[in-house]
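The next block holds one structure in the form of structure tokens; read it before the comments.
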Amino acid sequence: MRIVLNKDSMNIEKEQDVVPFRNRVKEYAVKIGMSVVNQTKLITAASELARNMLKYAGGGITKIEVISEGRNSGIRLIFEDKGPGISDIALAMKDGFSTGKSLGIGLPGAKRLVNEFEIKSSVGEGTTVSIIKWKNG
Amino acid sequence: MKQDISKLLQKKKKNIIEDWMNMQLADAGLREDLMSNDELREQSAELIDALLKAITEQNLDDFNSASFNTVYEILSGISISRARQGFSPRETGVFVFSLKDAILQTLIIELKNDQETLIEALVAMNKLLDNLGIVTFETFIKGREEVILRQTDEITEISTPVIRVWDGILALPIIGTLDSARTQVVMENLLQNVVDTGSTITILDISGVPTVDSLVAQHIIKTVAATRLMGAECIISGIRPEIAQTVVHLGIDLSNIVTKATLASALKYAFALLKLDVKRIQKEK
């Protein structure tokens with residue numbers, strides 16, 4: 001069973017919000033004693049998803065949760081936007097695909113960096129991405 | 001007969017909330033773009049609940065009393081979040097001062113047959129709510145100051161010195177986050193220095209970049225490509241172990257770029273390229 005121990009949320013509205021958001025995520029990761037490598041992976045994934053949200057949806061809300069399951073603890077990040085949505089999620093998750101002029105590895109890369117990755121999107125309504133990085137995992 | 005003001009307010013809570021909401025919604029400065037009416041109602045209800053719970057007959061004229069702490073806490077939270085969301089001071093002020101109007105109106109209606117108590121109650125509520133107004137502004141300004149501080153941090157991050165470490169070798173330590181604007185500055189600086197000094201090797205040190213995501217990587221790749229176009233080699237140094245792992249997992253291809261773990265090894269590589277040899281001097285016997 002998963003228990004949410006701590007909840008926090010932050011708005012991402014402009015590019016300057018990304019750095020404080022990353023720092024906040026790092027704070028929580030340090031607090032639960034995550035290793036530096038996992039911290040960096042989580043922060044990088046968070047950075048990718050936050051930037052995506054800014055670039056394609058003009059911003060959104062992020063939630064930072066400290067969760068625990070049995071002995072394991074971890075961080076769950078939820079990115080919610082009310083942007084245009086993704087029409088073909090399978091395509092968006094493909095390496096090298098981008099509707100913008102970027103490398104096209106944000107979504108698939110973020111998925112590889114974390115333990116659990118969930119994306120929901122409906123065109124015209126928005127996209128929600130939820131990721132979990134376990135402390136030991 | 002003297003009436004208990006706190007009980008009276010408790011009883012009329014619904015009326016007060018309705019009046020208050022109507023006043024807030026009628027105000028020309030209502031920002032529906034920043035906050036929905038439901039959210040506003042929720043905030044208002046939370047504050048009124050706490051306020052009415054805190055008021056007793058005894059502490060009515062002592063607003064430093066500890067029982068008001070929760071009220072101050074809620075109010076501070078609301079003001080700070082409003083400052084961050086971009087509400088103007090006026091819009092934030094209206095929030096509290098319209099509550100005052102709503103409460104006073106209720107008191108006037110309810111106590112119109114008891115002038116003495118009415119005056120007493122009015123004075124006390126006035127003082128209390130003015131004080132809440134002051135708290136609102138204090139925290140509102142604090143919230144704004146935080147925004148300014150963050151911006152100051154951002155500015156100090158933007159300093160990109162190009163260092164000439166050897167004849168023909170330039171080093172550029174990057175500290176902070178590489179965004180598009182910053183990359184532009186870095187690239188211009190670097191390329192201009194390549195021309196000015198006639199250097200053939202540049203070292204971009206990213207030890208001070210906390211996070212290398214795909215955007216940062218893209219900027220690095222662009223900078224390297226531009227430097228190569230100028231006929232100079234660009235070495236990336238300062239790749240920490242966790243960054244290396246992250247880059248691999250992300251799937252960024254940096255294999256076409258010469259990368260080193262430390263600035264020292266990058267310098268060594270540069271010396272080798274320039275066919276220079278660094279030796280310890282043997283003492284003559």
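In the structure tokens, each chain is lettered A, B, ... as it comes, each chain's residues begin at 1, and ligands are numbered from 1 in order of appearance.
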
Based on DSSP run over this structure's backbone, return all residues of range 81-168 of chain B in alpha helix (DSSP H), as JSON, numbers by chain. {"B": [81, 82, 83, 84, 85, 89, 90, 91, 92, 93, 94, 95, 96, 97, 98, 99, 100, 101, 102, 103, 104, 105, 106, 107, 108, 109, 110, 115, 116, 117, 118, 119, 120, 121, 122, 123, 124, 125, 126, 127, 128, 129, 130, 131, 132, 133, 134, 135, 136, 137, 138, 139, 140, 141, 142, 143, 144, 145, 146, 147, 148, 149, 150, 151, 152, 153, 154, 155, 156, 157]}

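Residues of range 26-94 of chain A assigned to strand (DSSP E or B) by DSSP on this structure's backbone: Gly60, Ile61, Thr62, Lys63, Ile64, Glu65, Val66, Ile67, Ser68, Glu69, Asn72, Ser73, Gly74, Ile75, Arg76, Leu77, Ile78, Phe79, Glu80 and Asp81 of chain A.
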
Closest contacts (range 18-129 of chain A/range 221-241 of chain B, max 12 Å, only C-alpha atoms) as a Markdown table:
| residue | atom | partner | partner_atom | distance |
| --- | --- | --- | --- | --- |
| A:Val36 | CA | B:Pro241 | CA | 9.5 |
| A:Val37 | CA | B:Pro241 | CA | 7.9 |
| A:Asn38 | CA | B:Pro241 | CA | 11.5 |
| A:Thr40 | CA | B:Pro241 | CA | 10.1 |
| A:Lys41 | CA | B:Pro241 | CA | 11.5 |
| A:Ser102 | CA | B:Lys222 | CA | 11.7 |
| A:Leu103 | CA | B:Ile221 | CA | 10.6 |

Can I get the residues of range 90-163 of chain B within 9 Å of range 8-18 of chain B, each with the closest pair of atoms and their distance in Å to one decimal, using only C-alpha atoms, sorted chain first then ascending number, as a tab-separated table?
residue	atom	partner	partner_atom	distance
B:Leu99	CA	B:Ile16	CA	7.9
B:Ala102	CA	B:Ile16	CA	5.6
B:Ile103	CA	B:Ile16	CA	6.0
B:Gln105	CA	B:Ile16	CA	8.6
B:Thr106	CA	B:Ile16	CA	6.8
B:Leu107	CA	B:Leu9	CA	7.9
B:Glu110	CA	B:Leu8	CA	8.2

Please identify all polymer residues within 6 Å of Ile75 in chain A, counting only C-alpha atoms, omitting same-chain residues fewer than 6 positions from it, and present them as JSON, numbers by chain. {"A": [65, 66, 67, 132, 133]}

What does the file look like for those residues with C-alpha atoms, as an mmCIF file, in the first residue's frame?
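Written output follows (result.cif):
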data_model
loop_
_atom_site.group_PDB
_atom_site.id
_atom_site.type_symbol
_atom_site.label_atom_id
_atom_site.label_comp_id
_atom_site.auth_asym_id
_atom_site.auth_seq_id
_atom_site.Cartn_x
_atom_site.Cartn_y
_atom_site.Cartn_z
ATOM 1 C CA GLU A 65 4.746 13.986 -2.976
ATOM 2 C CA VAL A 66 6.843 11.915 -0.659
ATOM 3 C CA ILE A 67 5.393 8.416 -0.748
ATOM 4 C CA ILE A 132 7.788 7.919 -9.298
ATOM 5 C CA LYS A 133 11.412 7.513 -8.350
#

Would you give me, as a PyMOL selection string, the residues of chain A that come within 9 Å of chain B, using only C-alpha atoms? chain A and resi 11+15-16+19-20+22+36-41+43-45+47-48+51+95+102-106+108-113

Please list as an MDAnalysis selection string every residue within 10 Å of Ala28 in chain B, counting only C-alpha atoms and excluding residues in the same chain fewer than 4 positions away. chainID B and resid 23:24 91

Contact residues around range 48-54 of chain B with only C-alpha atoms at 6 Å, ignoring same-chain residues under 4 positions, as a PyMOL selection string: chain B and resi 67-68+71

Output file for the residues above (N, CA and C atoms, as a CSV table (one decimal), in the first residue's frame):
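Result file follows (result-v4.csv):
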chain,number,residue,atom,x,y,z
B,67,SER,N,-4.5,33.3,20.5
B,67,SER,CA,-5.6,32.6,19.8
B,67,SER,C,-5.8,33.0,18.4
B,68,PHE,N,-5.2,34.2,18.0
B,68,PHE,CA,-5.3,34.6,16.7
B,68,PHE,C,-4.2,34.1,15.7
B,71,VAL,N,-5.3,32.4,12.6
B,71,VAL,CA,-5.9,33.4,11.6
B,71,VAL,C,-4.8,34.0,10.8

Could you give me, as a ChimeraX atom specification, the residues within 9 Å of Lys120 in chain A, counting only C-alpha atoms and dropping anything in the same chain fewer than 3 positions from it? /A:85-86,89,126-130

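CA of Pro161 in chain B is positioned 14.5 Å from CA of Asp196 in chain B.
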